[in-house]
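Reviewing the structure listed below.
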Amino acid sequence: MQDETILEVRNLKKYFPITKGFIFQRQVGAVKAVDGVSFTIRRGETLGLVGESGCGKTTTGRVILRLQEPTAGEVIFEGKNVFALNKEELRRMRRDMQIIFQDPYSSLNPRMTVGDIVGEPLEIHNIARGREKLRRVQELLEVVGLSPYHVNRYPHEFSGGQRQRIGIARALALNPKLIICDEPVSALDVSIQAQILNLLEDLQKEFKLTYLFIAHDLSVVRHISDRVAVMYLGKIVELAPTDQLFENPQHPYTEALLSAVPIPDPEVKRERIILPGDVPSPVNPPPGCRFHTRCLYARDQCRVEEPPLEEVAPGHYAACWVLPFKTQRSKAAVIKKEAGARE
Amino acid sequence: MARNAVAIPERAVPAGVAVGQSYWQIAWRRFKHHRVALLGGAVILLFLLLAIFAPYLTPYSFEQIDLLNRKAPPSLKHLLGTDDLGHDVLTRLLYAGRISLTVGFSAALTSAFFGTLIGGLAGFYGRWLDNVLMRITDIMLSIPDLPVIIILARYMGGSVVGIVFVLTLFAWMGTARLVRGEILKLRNQDFTEAARAMGASDVRILVRHLIPNALAPVIVAATLTVGSAILLEAALSFLGVGIQPPTPSWGNMLQNAQDFIWTAPWLAVWPGAMIFLTVLCFNFLGDGLRDALDPRLKV
């Protein structure tokens, strides 16, 4: 794998204003959907982004693509600041960055044929029209495992998995370098999930794609990601290479999240970490560490000061004050794992 | 719909490209089962043909008078009788159909167009534009339209264009609200985001993705508007501010007939029946279209 950075996100923030009033609207607050997120993606890798519903992972994806305007922060894609691009530059950049959606039902226009849907990006960017477009569309359909003769069918004539393939073909049409996969399998049956995941992996190899893979299903993320970032209430709390994160989670939230992954073996008993309470409102996130209201290890410091995302092992970042404390608790295990990580 | 079909079910498809069923084809299939609407549509089609081919269907012109047969009851010479000036009623009825249907269709089309435009812009751009356009819509909806229409029609000279303009002025608001609501719903659907992500312009998103999906209720509303426009035109002509004689319209034929309601009742019956039937059929048609185009009904 090359170590070249393709996408860098710096301190990204997206607040949705809450307004009151009829004609003269004034802002009375903001939903802090994304509140200072930073990470990088290397060319050719898959970065998993996990978190509960409402933690801001989808918004992060949309803001990176500038489908929504950011409140603050920078996104550097191949050396260019995405937020500084003008209309024409942005349009050109869209060829390199695409998105696959969660819901295969609402992501395809029901009034258009498959050929029109997959061919639309080619038309917009003046790449192909008429016969040439048809040929390209049929090629793309084959690439994603559909039949070329489906071009004149409508989305409602396909199953969920097939529709997702159409969405993938559309995303591939422009030969993008980065694809943001926004929970691409969570709306599908389990048996179809594996097919789509394998398709995404094959396409990654074939077209040298880079993925930002947003999901809430940890086993899916573990399967496909090279590195994983965990989000909680608009912030990244932990980021590490996949195996390291799953075997040696550092942040108490990650720990709890992992303990909730079901094991397909009724014999195995495991201690679940049940988090008390609900996720606090992103309108009024708790001061200090955002997780302290539900954290089993929270101390006074956690309620006042916000922990920075710090490197706790090579390539392994976590944002938690209690970490040193936790490390002490299970010192032996950590030393062993750290030695493993350094190798 | 089978969501877990793994391979594409191979049907017996002839070689080449499979042809899918578009939304409109499915709607038509559903519409065909709606007998009353089908009947309504057939009657409207018949009236349209009668209006279009009026010159070939009657030996008289609509201005021609037969002074020896004034207020004559139906006979072989004048199938539906004649009026007080000796005009052939059947002839005038056919020509009046031209005027009334033209007014109805034109008013429905223009109000559907402007309603879609205004609702589309309001829903798509939102914010202050939405506020301004929707407040104008509210204001237009709260004006008691009939008195204003009567006054305006009085000064529009009684021409077809003038009447259509006045009727459109007070008929676009329903469509605007419908379209705005649809656009608001569709704007946040993933296929709109997908179009944006591939670099589609606002115009393209609006014209190719949003409006086609918002069209079904517009068509239903426009169909019903045809009926109500014909009714309003008749009311205006009846009050003497609509289409001016000698150009016949169903409304001004009625107005003319009121003086002779006891001596020559057929003068009132025929135009009245035409208005009644036309409006009824448009309502039937609208009902059928509403059912056929209902997005909640699955394929």
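So you can find residues: chains in the structure tokens are A, B, ... in the order shown, residues in each start at 1, and ligands are numbered from 1 in order.
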- [ ] List the neighbours of Ala169 of chain A out to 7 Å using only C-alpha atoms; skip same-chain residues closer than 6 positions along the sequence, and give me the result as a PyMOL selection string.
- [x] chain A and resi 118+140-141+144
Who sits within 8 Å of segment 157-165 of chain B, only C-alpha atoms, same chain under 2 positions skipped, as an mmCIF file with C-alpha atoms, in the first residue's frame:
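And here's selection27.cif as it stands now:
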```cif
data_model
loop_
_atom_site.group_PDB
_atom_site.id
_atom_site.type_symbol
_atom_site.label_atom_id
_atom_site.label_comp_id
_atom_site.auth_asym_id
_atom_site.auth_seq_id
_atom_site.Cartn_x
_atom_site.Cartn_y
_atom_site.Cartn_z
ATOM 1 C CA ILE B 99 -64.510 28.680 -26.662
ATOM 2 C CA VAL B 103 -60.671 28.639 -21.961
ATOM 3 C CA GLY B 104 -60.769 25.622 -19.635
ATOM 4 C CA SER B 106 -55.688 27.112 -21.407
ATOM 5 C CA ALA B 107 -56.438 28.271 -17.881
ATOM 6 C CA ALA B 153 -62.885 40.462 -16.424
ATOM 7 C CA ARG B 154 -64.941 43.591 -16.959
ATOM 8 C CA TYR B 155 -61.750 45.435 -17.996
ATOM 9 C CA LEU B 167 -58.734 32.782 -14.372
ATOM 10 C CA THR B 168 -55.043 31.831 -14.217
ATOM 11 C CA LEU B 169 -54.381 34.675 -11.821
ATOM 12 C CA GLU B 233 -66.045 31.158 -17.395
ATOM 13 C CA VAL B 241 -68.384 40.110 -18.226
ATOM 14 C CA GLY B 242 -67.060 36.969 -19.907
ATOM 15 C CA ILE B 243 -67.025 36.089 -23.565
ATOM 16 C CA GLN B 244 -69.063 38.712 -25.414
#
```
TODO: Give the alpha helix (DSSP H) residues of segment 55-244 of chain B, as assigned by DSSP on the backbone, as a VMD selection string.
DONE: chain B and resid 55 to 57 89 to 125 127 to 142 145 to 155 160 to 169 173 to 187 190 to 197 202 to 204 211 to 238
Task: Length of the atom CA of Ala298 of chain A to atom CA of Tyr232 of chain A vector [Å] - done: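 Here the two named atoms are 15.6 Å from each other.
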Task: Selection: 8 Å around Glu305 of chain A, only C-alpha atoms, excl. self and same-chain fewer than 6 positions, as a PyMOL selection string - done: chain A and resi 287-289
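Running DSSP on the backbone and keeping only strand (DSSP E or B), the residues of segment 20-210 of chain B that qualify are B:Ile65, B:Thr82, B:His87, B:Asp88.
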Keeping only N, CA and C atoms, write those residues as a CSV table (one decimal), in the first residue's frame.
```csv
chain,number,residue,atom,x,y,z
B,65,ILE,N,-78.6,33.9,-39.0
B,65,ILE,CA,-79.9,33.9,-38.4
B,65,ILE,C,-81.0,33.5,-39.4
B,82,THR,N,-84.0,27.0,-32.2
B,82,THR,CA,-83.3,28.2,-32.5
B,82,THR,C,-83.5,29.2,-31.3
B,87,HIS,N,-80.7,32.1,-34.3
B,87,HIS,CA,-79.5,31.3,-34.5
B,87,HIS,C,-79.8,29.8,-34.3
B,88,ASP,N,-79.1,29.0,-35.0
B,88,ASP,CA,-79.3,27.5,-34.8
B,88,ASP,C,-78.6,27.2,-33.5
```
Open item on the list: Please list as a PyMOL selection string every residue within 12 Å of Val43 of chain B, counting only C-alpha atoms and excluding residues in the same chain fewer than 2 positions away.
Closed with: chain B and resi 36-41+45-50+274+277-285
Open item on the list: So that I can see what lies close to Lys80 of chain A, please list as a PyMOL selection string the residues with an atom at most 10 Å from it, counting only C-alpha atoms and leaving out residues fewer than 6 positions away in the same chain.
Closed with: chain A and resi 7-8+74+93
If the cut-off is 8 Å, can you tell me the residues of chain A near chain B, counting only C-alpha atoms? I'd like them as an mmCIF file with N, CA and C atoms, in the first residue's frame.
```
data_model
loop_
_atom_site.group_PDB
_atom_site.id
_atom_site.type_symbol
_atom_site.label_atom_id
_atom_site.label_comp_id
_atom_site.auth_asym_id
_atom_site.auth_seq_id
_atom_site.Cartn_x
_atom_site.Cartn_y
_atom_site.Cartn_z
ATOM 1 N N ILE A 23 -40.828 35.451 9.515
ATOM 2 C CA ILE A 23 -40.125 35.980 8.355
ATOM 3 C C ILE A 23 -38.714 36.394 8.769
ATOM 4 N N LEU A 65 -17.874 15.928 0.591
ATOM 5 C CA LEU A 65 -18.250 16.035 -0.818
ATOM 6 C C LEU A 65 -18.830 17.413 -1.144
ATOM 7 N N LEU A 67 -21.697 18.380 -0.354
ATOM 8 C CA LEU A 67 -23.133 18.317 -0.609
ATOM 9 C C LEU A 67 -23.807 19.203 0.418
ATOM 10 N N LEU A 90 -15.147 22.843 -8.616
ATOM 11 C CA LEU A 90 -15.872 21.843 -7.824
ATOM 12 C C LEU A 90 -16.480 20.790 -8.738
ATOM 13 N N ARG A 91 -17.048 21.269 -9.854
ATOM 14 C CA ARG A 91 -17.664 20.361 -10.802
ATOM 15 C C ARG A 91 -16.631 19.371 -11.341
ATOM 16 N N ARG A 92 -15.424 19.875 -11.597
ATOM 17 C CA ARG A 92 -14.383 18.998 -12.106
ATOM 18 C C ARG A 92 -13.945 17.999 -11.031
ATOM 19 N N ARG A 94 -15.715 16.740 -8.771
ATOM 20 C CA ARG A 94 -16.738 15.724 -8.517
ATOM 21 C C ARG A 94 -16.501 14.449 -9.325
ATOM 22 N N ARG A 95 -15.712 14.562 -10.395
ATOM 23 C CA ARG A 95 -15.390 13.351 -11.149
ATOM 24 C C ARG A 95 -14.537 12.412 -10.317
ATOM 25 N N GLN A 98 -16.856 10.314 -5.411
ATOM 26 C CA GLN A 98 -18.251 9.913 -5.596
ATOM 27 C C GLN A 98 -18.826 9.344 -4.307
ATOM 28 N N ILE A 99 -20.103 9.018 -4.348
ATOM 29 C CA ILE A 99 -20.760 8.551 -3.135
ATOM 30 C C ILE A 99 -21.707 7.400 -3.463
ATOM 31 N N PHE A 101 -24.975 5.408 -1.675
ATOM 32 C CA PHE A 101 -25.909 5.716 -0.602
ATOM 33 C C PHE A 101 -26.386 4.478 0.141
ATOM 34 N N ASP A 103 -29.689 3.903 1.179
ATOM 35 C CA ASP A 103 -31.008 3.392 0.820
ATOM 36 C C ASP A 103 -31.113 3.178 -0.684
ATOM 37 N N SER A 106 -34.353 5.080 -2.263
ATOM 38 C CA SER A 106 -34.489 6.516 -2.517
ATOM 39 C C SER A 106 -33.299 7.069 -3.301
ATOM 40 N N SER A 107 -32.294 6.244 -3.558
ATOM 41 C CA SER A 107 -31.123 6.807 -4.223
ATOM 42 C C SER A 107 -31.204 6.717 -5.746
ATOM 43 N N LEU A 108 -32.251 6.072 -6.259
ATOM 44 C CA LEU A 108 -32.416 6.007 -7.714
ATOM 45 C C LEU A 108 -33.716 6.704 -8.103
ATOM 46 N N ASN A 109 -33.626 7.599 -9.055
ATOM 47 C CA ASN A 109 -34.807 8.325 -9.516
ATOM 48 C C ASN A 109 -35.804 7.362 -10.171
ATOM 49 N N PRO A 110 -37.008 7.219 -9.591
ATOM 50 C CA PRO A 110 -37.946 6.209 -10.098
ATOM 51 C C PRO A 110 -38.451 6.493 -11.514
ATOM 52 N N ARG A 111 -38.275 7.709 -11.997
ATOM 53 C CA ARG A 111 -38.775 8.053 -13.331
ATOM 54 C C ARG A 111 -37.749 7.826 -14.433
ATOM 55 N N THR A 113 -34.748 5.471 -16.507
ATOM 56 C CA THR A 113 -34.317 4.102 -16.756
ATOM 57 C C THR A 113 -32.909 3.930 -16.186
ATOM 58 N N PRO A 121 -24.052 10.856 -15.211
ATOM 59 C CA PRO A 121 -22.767 11.531 -14.978
ATOM 60 C C PRO A 121 -21.946 11.690 -16.258
ATOM 61 N N ILE A 124 -23.410 14.729 -17.978
ATOM 62 C CA ILE A 124 -23.113 15.986 -17.291
ATOM 63 C C ILE A 124 -21.686 16.435 -17.576
ATOM 64 N N HIS A 125 -20.766 15.485 -17.598
ATOM 65 C CA HIS A 125 -19.375 15.871 -17.799
ATOM 66 C C HIS A 125 -18.946 15.737 -19.254
ATOM 67 N N LEU A 146 -24.481 -6.805 -13.271
ATOM 68 C CA LEU A 146 -25.831 -6.802 -13.844
ATOM 69 C C LEU A 146 -25.707 -7.104 -15.333
ATOM 70 N N SER A 147 -26.844 -7.318 -15.984
ATOM 71 C CA SER A 147 -26.774 -7.627 -17.403
ATOM 72 C C SER A 147 -26.908 -6.366 -18.236
ATOM 73 N N PRO A 148 -26.159 -6.283 -19.322
ATOM 74 C CA PRO A 148 -26.211 -5.083 -20.168
ATOM 75 C C PRO A 148 -27.611 -4.816 -20.704
ATOM 76 N N TYR A 149 -28.422 -5.855 -20.812
ATOM 77 C CA TYR A 149 -29.736 -5.597 -21.400
ATOM 78 C C TYR A 149 -30.722 -4.982 -20.424
ATOM 79 N N HIS A 150 -30.247 -4.650 -19.236
ATOM 80 C CA HIS A 150 -31.136 -4.003 -18.277
ATOM 81 C C HIS A 150 -31.254 -2.502 -18.456
ATOM 82 N N VAL A 151 -30.573 -1.942 -19.443
ATOM 83 C CA VAL A 151 -30.531 -0.478 -19.561
ATOM 84 C C VAL A 151 -31.894 0.191 -19.662
ATOM 85 N N ASN A 152 -32.851 -0.482 -20.263
ATOM 86 C CA ASN A 152 -34.140 0.181 -20.439
ATOM 87 C C ASN A 152 -35.152 -0.156 -19.352
ATOM 88 N N ARG A 153 -34.695 -0.818 -18.313
ATOM 89 C CA ARG A 153 -35.593 -1.128 -17.205
ATOM 90 C C ARG A 153 -35.630 0.031 -16.220
ATOM 91 N N TYR A 154 -36.642 -0.012 -15.355
ATOM 92 C CA TYR A 154 -36.770 1.031 -14.335
ATOM 93 C C TYR A 154 -36.382 0.469 -12.968
ATOM 94 N N GLU A 157 -38.094 -2.334 -10.946
ATOM 95 C CA GLU A 157 -38.092 -3.716 -11.429
ATOM 96 C C GLU A 157 -36.921 -4.521 -10.879
ATOM 97 N N PHE A 158 -36.170 -3.910 -9.929
ATOM 98 C CA PHE A 158 -35.004 -4.594 -9.379
ATOM 99 C C PHE A 158 -35.147 -4.816 -7.880
ATOM 100 N N SER A 159 -34.383 -5.772 -7.372
ATOM 101 C CA SER A 159 -34.362 -6.017 -5.934
ATOM 102 C C SER A 159 -33.406 -5.032 -5.268
ATOM 103 N N GLY A 160 -33.428 -5.009 -3.935
ATOM 104 C CA GLY A 160 -32.580 -4.080 -3.193
ATOM 105 C C GLY A 160 -31.097 -4.214 -3.534
ATOM 106 N N GLY A 161 -30.629 -5.451 -3.589
ATOM 107 C CA GLY A 161 -29.221 -5.674 -3.893
ATOM 108 C C GLY A 161 -28.869 -5.224 -5.302
ATOM 109 N N GLN A 162 -29.779 -5.494 -6.233
ATOM 110 C CA GLN A 162 -29.535 -5.075 -7.613
ATOM 111 C C GLN A 162 -29.529 -3.561 -7.730
ATOM 112 N N ASP A 189 -30.392 -7.264 2.948
ATOM 113 C CA ASP A 189 -30.417 -8.542 3.651
ATOM 114 C C ASP A 189 -28.987 -9.013 3.892
ATOM 115 N N SER A 191 -27.582 -11.824 3.488
ATOM 116 C CA SER A 191 -26.998 -12.624 2.414
ATOM 117 C C SER A 191 -26.525 -11.742 1.264
ATOM 118 N N ILE A 192 -27.210 -10.606 1.070
ATOM 119 C CA ILE A 192 -26.834 -9.707 -0.015
ATOM 120 C C ILE A 192 -25.664 -8.822 0.412
#
```
Task: Point-to-point distance from atom CA of Ala221 of chain B to atom CA of Arg98 of chain B, Å rounded to tenths - done: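 One can read the atom CA of Ala221 of chain B to atom CA of Arg98 of chain B distance as 21.9 Å.
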Task: d(atom CA of Ala122 of chain B, atom CA of Met173 of chain B) in Å - done: 12.2 Å
